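S.K.: This is entry11.txt, which holds compact mmCIF, C-alpha atoms:
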# COMPACT_ATOMS: atom_id res chain seq x y z
CA MET A 250 51.60 53.63 11.05
CA ASN A 251 51.69 51.45 14.16
CA GLU A 252 47.91 51.58 14.46
CA LEU A 253 47.49 50.65 10.79
CA THR A 254 49.95 47.80 11.14
CA GLU A 255 48.13 46.48 14.19
CA LEU A 256 44.83 46.74 12.31
CA HIS A 257 46.22 44.79 9.36
CA ILE A 258 47.59 42.15 11.69
CA ALA A 259 44.19 41.86 13.41
CA GLU A 260 42.35 41.63 10.11
CA SER A 261 44.78 38.99 8.88
CA PHE A 262 44.29 37.00 12.07
CA VAL A 263 40.49 37.17 11.74
CA THR A 264 40.65 36.17 8.05
CA ARG A 265 42.90 33.17 8.82
CA SER A 266 40.67 32.18 11.75
CA MET A 267 37.54 32.36 9.62
CA ALA A 268 39.23 30.32 6.90
CA ALA A 269 40.11 27.69 9.48
CA ILE A 270 36.71 27.76 11.20
CA SER A 271 34.60 27.69 8.03
CA PRO A 272 35.30 24.04 7.04
CA LEU A 273 34.93 22.95 10.66
CA PHE A 274 31.64 24.83 10.92
CA LEU A 275 30.38 23.16 7.74
CA LEU A 276 31.42 19.75 9.06
CA PHE A 277 29.47 20.55 12.20
CA LEU A 278 26.40 21.55 10.18
CA ILE A 279 26.38 18.42 8.01
CA PRO A 280 25.07 16.10 10.76
CA ILE A 281 23.10 18.84 12.54
CA ILE A 282 20.68 19.46 9.63
CA PRO A 283 19.48 15.83 9.18
CA LEU A 284 19.46 15.26 12.96
CA SER A 285 17.29 18.36 13.38
CA LEU A 286 14.93 17.08 10.68
CA LEU A 287 14.73 13.68 12.43
CA ALA A 288 13.96 15.41 15.73
CA ILE A 289 11.17 17.44 14.14
CA LEU A 290 9.71 14.35 12.44
CA ALA A 291 9.86 12.40 15.70
CA LEU A 292 7.62 15.07 17.22
CA ILE A 293 5.12 15.55 14.38
CA VAL A 294 4.72 12.07 12.83
CA ARG A 295 1.25 10.74 13.67
CA PRO A 296 -0.19 8.24 14.39
CA ARG A 297 2.34 6.54 16.68
CA PRO A 298 3.80 3.02 16.09
CA ILE A 299 1.53 0.16 17.14
CA LYS A 300 1.54 -3.64 17.16
CA ILE A 301 -1.55 -5.57 16.03
CA PRO A 302 -1.83 -9.06 17.61
CA ILE A 303 -3.14 -11.90 15.43
CA LYS A 304 -3.14 -14.93 17.75
CA SER A 305 -6.54 -15.74 19.34
CA ARG A 306 -8.21 -12.86 17.48
CA HIS A 307 -10.96 -12.81 14.85
CA VAL A 308 -9.59 -12.19 11.37
CA PHE A 309 -12.24 -11.63 8.69
CA ILE A 310 -11.09 -11.75 5.04
CA THR A 311 -13.15 -10.90 1.96
CA GLY A 312 -12.18 -12.56 -1.30
CA GLY A 313 -10.82 -15.32 0.94
CA SER A 314 -11.60 -18.32 -1.25
CA SER A 315 -8.66 -17.95 -3.64
CA GLY A 316 -5.49 -16.04 -4.48
CA ILE A 317 -4.06 -13.57 -1.98
CA GLY A 318 -7.14 -13.84 0.26
CA LEU A 319 -6.75 -17.61 0.60
CA ALA A 320 -3.02 -17.24 1.31
CA LEU A 321 -3.80 -14.64 3.99
CA ALA A 322 -6.39 -16.97 5.54
CA HIS A 323 -3.79 -19.78 5.64
CA ARG A 324 -1.28 -17.51 7.34
CA ALA A 325 -3.76 -16.10 9.89
CA ALA A 326 -4.97 -19.61 10.79
CA SER A 327 -1.39 -20.87 11.16
CA GLU A 328 -0.71 -17.99 13.56
CA GLY A 329 -3.57 -19.03 15.83
CA ALA A 330 -6.32 -16.66 14.69
CA ARG A 331 -10.02 -17.41 14.44
CA VAL A 332 -10.58 -16.95 10.72
CA SER A 333 -13.69 -16.11 8.70
CA ILE A 334 -13.64 -15.85 4.91
CA LEU A 335 -16.24 -14.31 2.61
CA ALA A 336 -16.66 -14.77 -1.14
CA ARG A 337 -19.43 -15.15 -3.72
CA SER A 338 -18.93 -18.81 -4.64
CA GLY A 339 -20.13 -21.32 -2.08
CA SER A 340 -18.25 -24.18 -3.75
CA LYS A 341 -14.95 -22.27 -3.75
CA LEU A 342 -15.47 -21.37 -0.09
CA GLU A 343 -15.92 -25.04 0.82
CA GLU A 344 -12.81 -25.98 -1.13
CA ALA A 345 -10.83 -23.22 0.60
CA LYS A 346 -12.13 -24.35 4.00
CA LYS A 347 -10.88 -27.90 3.37
CA LEU A 348 -7.48 -26.69 2.13
CA ILE A 349 -6.93 -24.50 5.19
CA GLN A 350 -8.04 -27.23 7.60
CA LEU A 351 -5.78 -29.77 5.90
CA ALA A 352 -2.78 -27.41 6.05
CA THR A 353 -3.27 -25.89 9.51
CA GLY A 354 -5.76 -28.04 11.39
CA VAL A 355 -7.93 -24.95 11.87
CA GLU A 356 -11.57 -24.87 10.75
CA VAL A 357 -12.48 -21.50 9.28
CA ALA A 358 -15.97 -20.03 9.08
CA THR A 359 -17.27 -19.34 5.56
CA PHE A 360 -19.82 -16.80 4.35
CA SER A 361 -21.22 -16.51 0.85
CA ALA A 362 -22.14 -12.97 -0.16
CA ASP A 363 -21.59 -10.44 -2.93
CA VAL A 364 -19.78 -7.37 -1.59
CA ARG A 365 -21.98 -5.19 -3.82
CA ASP A 366 -24.97 -6.23 -1.68
CA TYR A 367 -24.70 -4.28 1.57
CA ASP A 368 -27.50 -6.19 3.32
CA ALA A 369 -25.96 -9.57 2.51
CA VAL A 370 -22.52 -8.41 3.66
CA SER A 371 -23.95 -6.91 6.86
CA LYS A 372 -25.79 -10.16 7.67
CA ALA A 373 -22.63 -12.25 7.17
CA ILE A 374 -20.52 -9.94 9.34
CA ASP A 375 -23.13 -9.91 12.11
CA GLU A 376 -23.20 -13.72 12.07
CA SER A 377 -19.42 -13.94 12.22
CA GLY A 378 -19.16 -11.93 15.44
CA PRO A 379 -17.01 -8.91 16.40
CA ILE A 380 -13.98 -8.52 14.15
CA ASP A 381 -10.49 -7.62 15.36
CA VAL A 382 -8.67 -7.66 12.03
CA LEU A 383 -10.66 -6.91 8.86
CA ILE A 384 -8.90 -7.55 5.54
CA VAL A 385 -10.80 -6.14 2.56
CA ASN A 386 -9.29 -8.12 -0.27
CA GLN A 387 -11.93 -8.76 -2.94
CA GLY A 388 -11.13 -7.53 -6.40
CA VAL A 389 -11.90 -7.95 -10.10
CA PHE A 390 -9.94 -6.66 -13.07
CA THR A 391 -9.87 -6.83 -16.83
CA ALA A 392 -6.95 -5.41 -18.79
CA LYS A 393 -8.57 -3.61 -21.71
CA GLU A 394 -8.39 -0.17 -23.30
CA LEU A 395 -11.18 2.06 -22.00
CA VAL A 396 -12.64 2.51 -25.49
CA LYS A 397 -13.22 -1.27 -25.55
CA HIS A 398 -14.76 -1.42 -22.07
CA SER A 399 -18.54 -1.49 -21.88
CA PRO A 400 -20.19 0.80 -19.30
CA GLU A 401 -21.28 -2.40 -17.53
CA ASP A 402 -17.63 -3.58 -17.29
CA VAL A 403 -16.53 -0.29 -15.74
CA LYS A 404 -19.43 -0.20 -13.28
CA PHE A 405 -18.80 -3.81 -12.23
CA THR A 406 -15.12 -3.09 -11.54
CA ILE A 407 -15.84 0.07 -9.54
CA ASP A 408 -18.72 -1.55 -7.65
CA VAL A 409 -16.73 -4.62 -6.56
CA ASN A 410 -13.36 -3.01 -5.87
CA LEU A 411 -14.38 0.35 -4.41
CA VAL A 412 -18.07 0.40 -3.46
CA GLY A 413 -17.75 -3.17 -2.16
CA SER A 414 -14.95 -2.01 0.15
CA PHE A 415 -17.19 0.75 1.53
CA ASN A 416 -19.94 -1.83 2.12
CA VAL A 417 -17.68 -4.25 4.00
CA ILE A 418 -16.08 -1.58 6.20
CA LYS A 419 -19.40 0.17 6.93
CA ALA A 420 -20.96 -3.15 7.98
CA ALA A 421 -18.06 -4.13 10.24
CA LEU A 422 -17.26 -0.75 11.77
CA PRO A 423 -19.98 -0.35 14.45
CA ALA A 424 -19.01 -3.57 16.26
CA MET A 425 -15.30 -2.84 15.83
CA LYS A 426 -15.76 0.61 17.37
CA ALA A 427 -17.87 -0.80 20.23
CA ARG A 428 -15.44 -3.52 21.30
CA LYS A 429 -14.10 -3.19 24.86
CA ASP A 430 -10.66 -4.19 26.15
CA ARG A 431 -9.81 -6.19 23.04
CA GLY A 432 -6.61 -4.39 22.13
CA PRO A 433 -5.83 -2.50 18.92
CA ALA A 434 -7.85 -3.45 15.83
CA SER A 435 -6.98 -3.25 12.15
CA ILE A 436 -8.74 -2.55 8.84
CA SER A 437 -6.64 -3.46 5.81
CA LEU A 438 -7.41 -2.76 2.17
CA VAL A 439 -5.66 -4.72 -0.56
CA SER A 440 -5.02 -2.25 -3.37
CA SER A 441 -2.46 -2.79 -6.15
CA GLN A 442 0.62 -1.17 -7.64
CA ALA A 443 -1.89 -0.14 -10.32
CA GLY A 444 -3.49 1.84 -7.48
CA GLN A 445 -0.28 3.87 -7.19
CA VAL A 446 0.46 4.46 -10.87
CA GLY A 447 -1.88 4.35 -13.87
CA VAL A 448 -1.07 1.59 -16.36
CA TYR A 449 -2.11 1.23 -20.00
CA GLY A 450 -5.24 -0.95 -20.21
CA TYR A 451 -6.06 -0.54 -16.50
CA ALA A 452 -8.16 2.64 -16.61
CA ALA A 453 -11.16 1.19 -14.75
CA TYR A 454 -9.07 -1.00 -12.45
CA SER A 455 -6.60 1.77 -11.57
CA ALA A 456 -9.47 4.18 -10.88
CA SER A 457 -11.06 1.71 -8.46
CA LYS A 458 -7.77 1.01 -6.68
CA PHE A 459 -6.69 4.66 -6.54
CA GLY A 460 -9.99 5.30 -4.78
CA LEU A 461 -8.92 3.00 -1.94
CA GLN A 462 -6.10 5.43 -1.13
CA GLY A 463 -8.56 8.24 -0.41
CA LEU A 464 -10.82 5.90 1.52
CA ALA A 465 -7.93 4.64 3.66
CA GLN A 466 -6.53 8.11 4.43
CA ALA A 467 -9.90 9.56 5.46
CA LEU A 468 -10.90 6.41 7.37
CA GLN A 469 -7.70 6.42 9.43
CA GLN A 470 -8.54 9.90 10.71
CA GLU A 471 -12.06 8.77 11.63
CA VAL A 472 -11.11 5.60 13.55
CA ILE A 473 -7.75 6.40 15.17
CA SER A 474 -9.48 7.47 18.41
CA ASP A 475 -11.09 4.00 18.54
CA ASP A 476 -7.65 2.32 18.43
CA ILE A 477 -8.38 1.04 14.92
CA HIS A 478 -5.45 1.20 12.51
CA VAL A 479 -5.72 1.25 8.73
CA THR A 480 -3.32 -0.52 6.39
CA LEU A 481 -3.14 -0.12 2.62
CA ILE A 482 -1.43 -2.99 0.76
CA PHE A 483 0.04 -2.60 -2.73
CA PRO A 484 0.79 -5.99 -4.33
CA PRO A 485 2.40 -6.20 -7.78
CA ASP A 486 1.18 -8.72 -10.37
CA THR A 487 0.55 -11.86 -8.33
CA ASN A 488 0.25 -15.39 -9.63
CA THR A 489 -3.43 -16.02 -8.86
CA PRO A 490 -6.14 -17.77 -10.91
CA GLY A 491 -7.55 -14.33 -11.80
CA PHE A 492 -4.15 -13.11 -12.99
CA GLU A 493 -3.74 -16.16 -15.22
CA GLU A 494 -7.07 -15.40 -16.91
CA GLU A 495 -6.26 -11.71 -17.25
CA GLN A 496 -2.97 -12.47 -19.01
CA LYS A 497 -4.83 -14.25 -21.82
CA SER A 498 -6.61 -11.08 -22.94
CA ARG A 499 -4.42 -8.17 -21.78
CA PRO A 500 -3.27 -5.73 -24.47
CA GLU A 501 0.23 -6.21 -25.84
CA VAL A 502 1.42 -2.86 -24.44
CA THR A 503 0.14 -3.80 -20.97
CA ALA A 504 2.17 -7.00 -21.14
CA ILE A 505 5.30 -5.06 -22.16
CA ILE A 506 4.91 -2.59 -19.29
CA ALA A 507 4.09 -5.33 -16.75
CA ALA A 508 7.18 -7.31 -17.78
CA SER A 509 9.37 -4.53 -16.36
CA SER A 510 8.04 -5.23 -12.86
CA GLY A 511 7.70 -9.01 -12.64
CA SER A 512 5.27 -10.97 -10.48
CA MET A 513 5.13 -12.56 -7.04
CA GLU A 514 3.62 -15.70 -5.53
CA THR A 515 0.54 -15.40 -3.32
CA GLU A 516 2.39 -16.76 -0.28
CA GLU A 517 5.08 -14.07 -0.61
CA VAL A 518 2.49 -11.32 -0.87
CA ALA A 519 0.50 -12.74 2.07
CA LYS A 520 3.60 -12.78 4.28
CA LYS A 521 4.51 -9.19 3.40
CA ALA A 522 0.91 -8.10 3.92
CA MET A 523 0.48 -9.86 7.27
CA ASP A 524 3.81 -8.56 8.57
CA GLY A 525 2.73 -5.03 7.61
CA ILE A 526 -0.66 -5.45 9.27
CA LYS A 527 0.91 -6.71 12.50
CA ALA A 528 3.35 -3.79 12.48
CA GLY A 529 0.44 -1.36 12.07
CA ASN A 530 1.96 0.14 8.92
CA PHE A 531 -0.31 2.38 6.88
CA THR A 532 1.43 1.49 3.60
CA VAL A 533 2.70 -2.00 2.78
CA SER A 534 4.89 -2.55 -0.27
CA CYS A 535 5.60 -6.10 -1.40
CA ASN A 536 8.83 -5.67 -3.38
CA PHE A 537 11.59 -3.11 -3.94
CA GLU A 538 9.85 -1.48 -6.90
CA GLY A 539 6.73 -1.16 -4.80
CA PHE A 540 8.78 0.47 -2.05
CA LEU A 541 10.10 3.05 -4.54
CA LEU A 542 6.55 3.64 -5.77
CA SER A 543 5.40 4.21 -2.19
CA LEU A 544 8.14 6.79 -1.68
CA ALA A 545 7.17 8.52 -4.95
CA THR A 546 3.41 8.54 -4.31
CA THR A 547 3.14 8.87 -0.53
CA GLY A 548 1.37 12.25 -0.72
CA MET A 549 -0.69 12.81 2.45
CA SER A 550 -0.55 9.18 3.58
CA PRO A 551 -0.04 8.77 7.35
CA GLN A 552 3.42 7.59 8.38
CA ARG A 553 4.09 5.87 11.71
CA SER A 554 7.87 5.71 11.41
CA PHE A 555 9.84 8.96 11.58
CA TRP A 556 12.77 7.12 9.96
CA LEU A 557 10.67 6.30 6.91
CA ALA A 558 9.21 9.81 6.97
CA PHE A 559 12.80 11.11 6.87
CA LEU A 560 13.54 8.86 3.89
CA GLU A 561 10.41 10.10 2.11
CA VAL A 562 11.46 13.73 2.62
CA ILE A 563 15.09 13.41 1.47
CA THR A 564 14.35 11.11 -1.48
CA ALA A 565 11.37 13.01 -2.89
CA GLY A 566 13.38 14.62 -5.72
CA PRO A 567 15.54 11.63 -6.73
CA ILE A 568 12.60 9.23 -6.58
CA ARG A 569 10.54 11.55 -8.78
CA LEU A 570 13.42 11.47 -11.29
CA ILE A 571 13.39 7.65 -11.25
CA ALA A 572 9.61 7.70 -11.77
CA LEU A 573 10.06 9.96 -14.80
CA PHE A 574 12.56 7.50 -16.28
CA PHE A 575 10.00 4.68 -15.82
CA GLN A 576 7.32 6.81 -17.49
CA TRP A 577 9.71 7.66 -20.33
CA ASP A 578 10.35 3.94 -20.87
CA TRP A 579 6.63 3.12 -20.84
CA TYR A 580 5.71 5.88 -23.30
CA LYS A 581 8.59 4.84 -25.53
CA ALA A 582 7.13 1.30 -25.59
CA ILE A 583 3.67 2.70 -26.40
CA GLU A 584 5.07 4.84 -29.26
CA LYS A 585 6.96 1.86 -30.67
CA TRP A 586 3.86 -0.33 -30.49
CA SER A 587 1.73 2.41 -32.10
CA LYS A 588 4.12 2.69 -35.05
CA THR A 589 4.09 -1.09 -35.54
CA LYS A 590 0.29 -1.09 -35.39
CA THR A 591 -0.08 1.59 -38.09
CA LYS A 592 2.26 -0.10 -40.60
Here is a file; write its structure as structure tokens.
M.R.:
Amino acid sequence: MNELTELHIAESFVTRSMAAISPLFLLFLIPIIPLSLLAILALIVRPRPIKIPIKSRHVFITGGSSGIGLALAHRAASEGARVSILARSGSKLEEAKKLIQLATGVEVATFSADVRDYDAVSKAIDESGPIDVLIVNQGVFTAKELVKHSPEDVKFTIDVNLVGSFNVIKAALPAMKARKDRGPASISLVSSQAGQVGVYGYAAYSASKFGLQGLAQALQQEVISDDIHVTLIFPPDTNTPGFEEEQKSRPEVTAIIAASSGSMETEEVAKKAMDGIKAGNFTVSCNFEGFLLSLATTGMSPQRSFWLAFLEVITAGPIRLIALFFQWDWYKAIEKWSKTKTK
């Protein structure tokens, strides 16, 4: 009996101890799990953080005669860069040159070329001299259902937005890779939030901008050993001359969907973009919705910050749920519009 009593007492003691330890152990585990994840991410996140200088460096911007490109040229010039801008229209380039000089006192170099013409682009880039910061910004878009797009419309959009980007980067890359003791370089591609999520009426445009994501991811792997850092910028609707024209003909459903996001001014987008370029970020979002989209669609995109990588990991499920609510809202708008159309 004594042995049994002692055994019961021992078991009771162990049970009470475990009951007391269990909550403490769980409290201990709560911070340990995320801290362990942060430690792992700190080790595996590549490439490493980098700073891209702008002052006294050559910044080359395509689509630099208007809109976001012009705003970026203004900002780069005001920060002490040597700026070159490329666009198709010679008259618009001259006007942009005067505007930048008037605002900043800096005279920019201008080059007239169509990004679809590799030889013309290559000649302009060779004349401009070695580039430190290349911003591939040109873009065309027409909001129209695919069934109403002509094959020529689709080809033009893909050729300017995607093939044109290949042409510009391919022409600039040899000299960028060959530079010596010039510090880290940057290649930035201006995509769109429509390059993160497909939008009604943007089939051709979204396809061209989604393609930039694959280009940027593969390119970063190819040029990281040359100290060249790729940035992918995702502006929302931005109040540019092109956007004003597009609004006149966009489908009603496109307008309804776009209204849920809002628009930004070119100067705001240019500041966000330039700050992201200087920080060496792979992905640059321009507003909070864009940030959520980046978390939801990051996929295999490189991440320099282990803090942001941590956020991407822990928010993957909730952000996907938010994305589904957005999609539900969009499809509800499309269904409502379809019913109205058939009456």
S.K.: Could you put an axis-aligned box around every listed atom of segment 544-554 of chain A, padded by 8 Å on each side, and send me its centre and edge lengths in Å to one decimal, as JSON?
M.R.:
{"center_x": 3.7, "center_y": 9.3, "center_z": 3.4, "size_x": 24.8, "size_y": 23.1, "size_z": 32.7}
S.K.: What is the atom CA of Lys581 of chain A to atom CA of Gly450 of chain A distance in Å?
M.R.: 15.9 Å
S.K.: Hey, what's within 10 Å of segment 463-465 of chain A if we count all atoms listed in the file and toss same-chain stuff fewer than 3 positions away? As a PyMOL selection string, please?
M.R.: chain A and resi 411+414-415+436-438+458-460+468-471+478-481+531-532+549-551
S.K.: Give me, as a count of residues only, all polymer residues having an atom no more than 10 Å from Lys419 of chain A, counting all atoms listed in the file and skipping those fewer than 5 positions away in the same chain.
M.R.: 5
S.K.: Taking only C-alpha atoms into account, name the residue in A:Ala519, A:Ile482, A:Ala452, A:Ala373 that is nearest to Val403 of chain A.
M.R.: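 That would be A:Ala452, the residue with the smallest distance to Val403 of chain A.
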S.K.: As a count of residues only, please: the residues near segment 543-548 of chain A (cut-off 12 Å, only C-alpha atoms, same-chain neighbours under 3 positions excluded).
M.R.: 45
S.K.: Compile the contact shell of segment 381-390 of chain A as a ChimeraX atom specification: residues with an atom at most 7 Å away, counting all atoms listed in the file, same-chain residues fewer than 4 positions apart removed.
M.R.: /A:306-312,318,406,409-410,414,425,434-439,454
S.K.: Compare A:Met523, A:Val518, A:Ser474, A:Val417 by their minimum atom-to-atom distance to Ala326 of chain A, counting only C-alpha atoms, and give me the closest one.
M.R.: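 Under the stated criterion, the closest residue is A:Met523.
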S.K.: Which one is closest to Ile299 of chain A: A:Gln350, A:Thr515, A:Thr589, A:Ser554? Count all atoms listed in the file.
M.R.: A:Ser554
S.K.: With distances taken over all atoms listed in the file, which residue among A:Ile303, A:Ile293, A:Leu321, A:Ala453 lies nearest Glu394 of chain A?
M.R.: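 That would be A:Ala453, the residue with the smallest distance to Glu394 of chain A.
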S.K.: Take segment 552-562 of chain A, bring it up to all heavy atoms, and give me the output as a PDB file, keeping the file's coordinate frame.
M.R.:
ATOM      1  N   GLN A 552       2.158   8.315   8.249  1.00  0.00           N
ATOM      2  CA  GLN A 552       3.420   7.590   8.380  1.00  0.00           C
ATOM      3  C   GLN A 552       3.700   7.402   9.864  1.00  0.00           C
ATOM      4  O   GLN A 552       3.782   8.369  10.619  1.00  0.00           O
ATOM      5  CB  GLN A 552       4.555   8.359   7.697  1.00  0.00           C
ATOM      6  CG  GLN A 552       5.933   7.729   7.827  1.00  0.00           C
ATOM      7  CD  GLN A 552       5.976   6.306   7.327  1.00  0.00           C
ATOM      8  OE1 GLN A 552       5.771   5.367   8.106  1.00  0.00           O
ATOM      9  NE2 GLN A 552       6.223   6.131   6.041  1.00  0.00           N
ATOM     10  N   ARG A 553       3.854   6.159  10.300  1.00  0.00           N
ATOM     11  CA  ARG A 553       4.090   5.870  11.710  1.00  0.00           C
ATOM     12  C   ARG A 553       5.571   5.962  12.094  1.00  0.00           C
ATOM     13  O   ARG A 553       5.907   6.159  13.251  1.00  0.00           O
ATOM     14  CB  ARG A 553       3.577   4.470  12.062  1.00  0.00           C
ATOM     15  CG  ARG A 553       2.074   4.345  11.939  1.00  0.00           C
ATOM     16  CD  ARG A 553       1.599   2.980  12.408  1.00  0.00           C
ATOM     17  NE  ARG A 553       0.159   2.878  12.268  1.00  0.00           N
ATOM     18  CZ  ARG A 553      -0.704   3.333  13.159  1.00  0.00           C
ATOM     19  NH1 ARG A 553      -0.259   3.932  14.238  1.00  0.00           N
ATOM     20  NH2 ARG A 553      -1.990   3.215  12.962  1.00  0.00           N
ATOM     21  N   SER A 554       6.440   5.743  11.131  1.00  0.00           N
ATOM     22  CA  SER A 554       7.870   5.710  11.410  1.00  0.00           C
ATOM     23  C   SER A 554       8.527   7.034  11.005  1.00  0.00           C
ATOM     24  O   SER A 554       8.463   7.433   9.839  1.00  0.00           O
ATOM     25  CB  SER A 554       8.531   4.564  10.642  1.00  0.00           C
ATOM     26  OG  SER A 554       9.928   4.703  10.608  1.00  0.00           O
ATOM     27  N   PHE A 555       9.183   7.709  11.951  1.00  0.00           N
ATOM     28  CA  PHE A 555       9.840   8.960  11.580  1.00  0.00           C
ATOM     29  C   PHE A 555      11.084   8.694  10.734  1.00  0.00           C
ATOM     30  O   PHE A 555      11.539   9.550   9.988  1.00  0.00           O
ATOM     31  CB  PHE A 555      10.154   9.826  12.804  1.00  0.00           C
ATOM     32  CG  PHE A 555      11.134   9.240  13.787  1.00  0.00           C
ATOM     33  CD1 PHE A 555      12.493   9.460  13.640  1.00  0.00           C
ATOM     34  CD2 PHE A 555      10.696   8.497  14.873  1.00  0.00           C
ATOM     35  CE1 PHE A 555      13.402   8.943  14.538  1.00  0.00           C
ATOM     36  CE2 PHE A 555      11.597   7.978  15.785  1.00  0.00           C
ATOM     37  CZ  PHE A 555      12.950   8.194  15.617  1.00  0.00           C
ATOM     38  N   TRP A 556      11.642   7.475  10.829  1.00  0.00           N
ATOM     39  CA  TRP A 556      12.770   7.120   9.960  1.00  0.00           C
ATOM     40  C   TRP A 556      12.320   7.047   8.508  1.00  0.00           C
ATOM     41  O   TRP A 556      12.989   7.568   7.608  1.00  0.00           O
ATOM     42  CB  TRP A 556      13.369   5.783  10.389  1.00  0.00           C
ATOM     43  CG  TRP A 556      14.125   5.851  11.677  1.00  0.00           C
ATOM     44  CD1 TRP A 556      13.715   5.402  12.902  1.00  0.00           C
ATOM     45  CD2 TRP A 556      15.423   6.434  11.886  1.00  0.00           C
ATOM     46  NE1 TRP A 556      14.660   5.657  13.858  1.00  0.00           N
ATOM     47  CE2 TRP A 556      15.728   6.288  13.265  1.00  0.00           C
ATOM     48  CE3 TRP A 556      16.342   7.064  11.055  1.00  0.00           C
ATOM     49  CZ2 TRP A 556      16.927   6.748  13.807  1.00  0.00           C
ATOM     50  CZ3 TRP A 556      17.542   7.515  11.599  1.00  0.00           C
ATOM     51  CH2 TRP A 556      17.826   7.358  12.953  1.00  0.00           C
ATOM     52  N   LEU A 557      11.184   6.378   8.273  1.00  0.00           N
ATOM     53  CA  LEU A 557      10.670   6.300   6.910  1.00  0.00           C
ATOM     54  C   LEU A 557      10.189   7.666   6.424  1.00  0.00           C
ATOM     55  O   LEU A 557      10.332   7.990   5.242  1.00  0.00           O
ATOM     56  CB  LEU A 557       9.532   5.269   6.820  1.00  0.00           C
ATOM     57  CG  LEU A 557       9.969   3.808   6.715  1.00  0.00           C
ATOM     58  CD1 LEU A 557       8.757   2.888   6.699  1.00  0.00           C
ATOM     59  CD2 LEU A 557      10.824   3.569   5.481  1.00  0.00           C
ATOM     60  N   ALA A 558       9.628   8.442   7.336  1.00  0.00           N
ATOM     61  CA  ALA A 558       9.210   9.810   6.970  1.00  0.00           C
ATOM     62  C   ALA A 558      10.433  10.613   6.524  1.00  0.00           C
ATOM     63  O   ALA A 558      10.379  11.379   5.553  1.00  0.00           O
ATOM     64  CB  ALA A 558       8.527  10.485   8.153  1.00  0.00           C
ATOM     65  N   PHE A 559      11.546  10.441   7.230  1.00  0.00           N
ATOM     66  CA  PHE A 559      12.800  11.110   6.870  1.00  0.00           C
ATOM     67  C   PHE A 559      13.247  10.691   5.471  1.00  0.00           C
ATOM     68  O   PHE A 559      13.624  11.523   4.637  1.00  0.00           O
ATOM     69  CB  PHE A 559      13.868  10.748   7.910  1.00  0.00           C
ATOM     70  CG  PHE A 559      15.238  11.289   7.611  1.00  0.00           C
ATOM     71  CD1 PHE A 559      15.547  12.613   7.839  1.00  0.00           C
ATOM     72  CD2 PHE A 559      16.220  10.450   7.107  1.00  0.00           C
ATOM     73  CE1 PHE A 559      16.818  13.106   7.575  1.00  0.00           C
ATOM     74  CE2 PHE A 559      17.488  10.931   6.836  1.00  0.00           C
ATOM     75  CZ  PHE A 559      17.795  12.267   7.070  1.00  0.00           C
ATOM     76  N   LEU A 560      13.157   9.383   5.208  1.00  0.00           N
ATOM     77  CA  LEU A 560      13.540   8.860   3.890  1.00  0.00           C
ATOM     78  C   LEU A 560      12.647   9.437   2.799  1.00  0.00           C
ATOM     79  O   LEU A 560      13.116   9.800   1.706  1.00  0.00           O
ATOM     80  CB  LEU A 560      13.473   7.334   3.898  1.00  0.00           C
ATOM     81  CG  LEU A 560      14.106   6.602   2.726  1.00  0.00           C
ATOM     82  CD1 LEU A 560      15.590   6.911   2.624  1.00  0.00           C
ATOM     83  CD2 LEU A 560      13.894   5.100   2.858  1.00  0.00           C
ATOM     84  N   GLU A 561      11.341   9.534   3.092  1.00  0.00           N
ATOM     85  CA  GLU A 561      10.410  10.100   2.110  1.00  0.00           C
ATOM     86  C   GLU A 561      10.763  11.558   1.787  1.00  0.00           C
ATOM     87  O   GLU A 561      10.699  11.973   0.627  1.00  0.00           O
ATOM     88  CB  GLU A 561       8.977  10.017   2.658  1.00  0.00           C
ATOM     89  CG  GLU A 561       8.412   8.607   2.684  1.00  0.00           C
ATOM     90  CD  GLU A 561       7.118   8.504   3.466  1.00  0.00           C
ATOM     91  OE1 GLU A 561       6.671   9.528   4.037  1.00  0.00           O
ATOM     92  OE2 GLU A 561       6.556   7.409   3.511  1.00  0.00           O
ATOM     93  N   VAL A 562      11.152  12.311   2.818  1.00  0.00           N
ATOM     94  CA  VAL A 562      11.460  13.730   2.620  1.00  0.00           C
ATOM     95  C   VAL A 562      12.725  13.902   1.778  1.00  0.00           C
ATOM     96  O   VAL A 562      12.749  14.662   0.806  1.00  0.00           O
ATOM     97  CB  VAL A 562      11.618  14.449   3.982  1.00  0.00           C
ATOM     98  CG1 VAL A 562      12.159  15.866   3.789  1.00  0.00           C
ATOM     99  CG2 VAL A 562      10.279  14.507   4.705  1.00  0.00           C
TER     100      VAL A 562
END
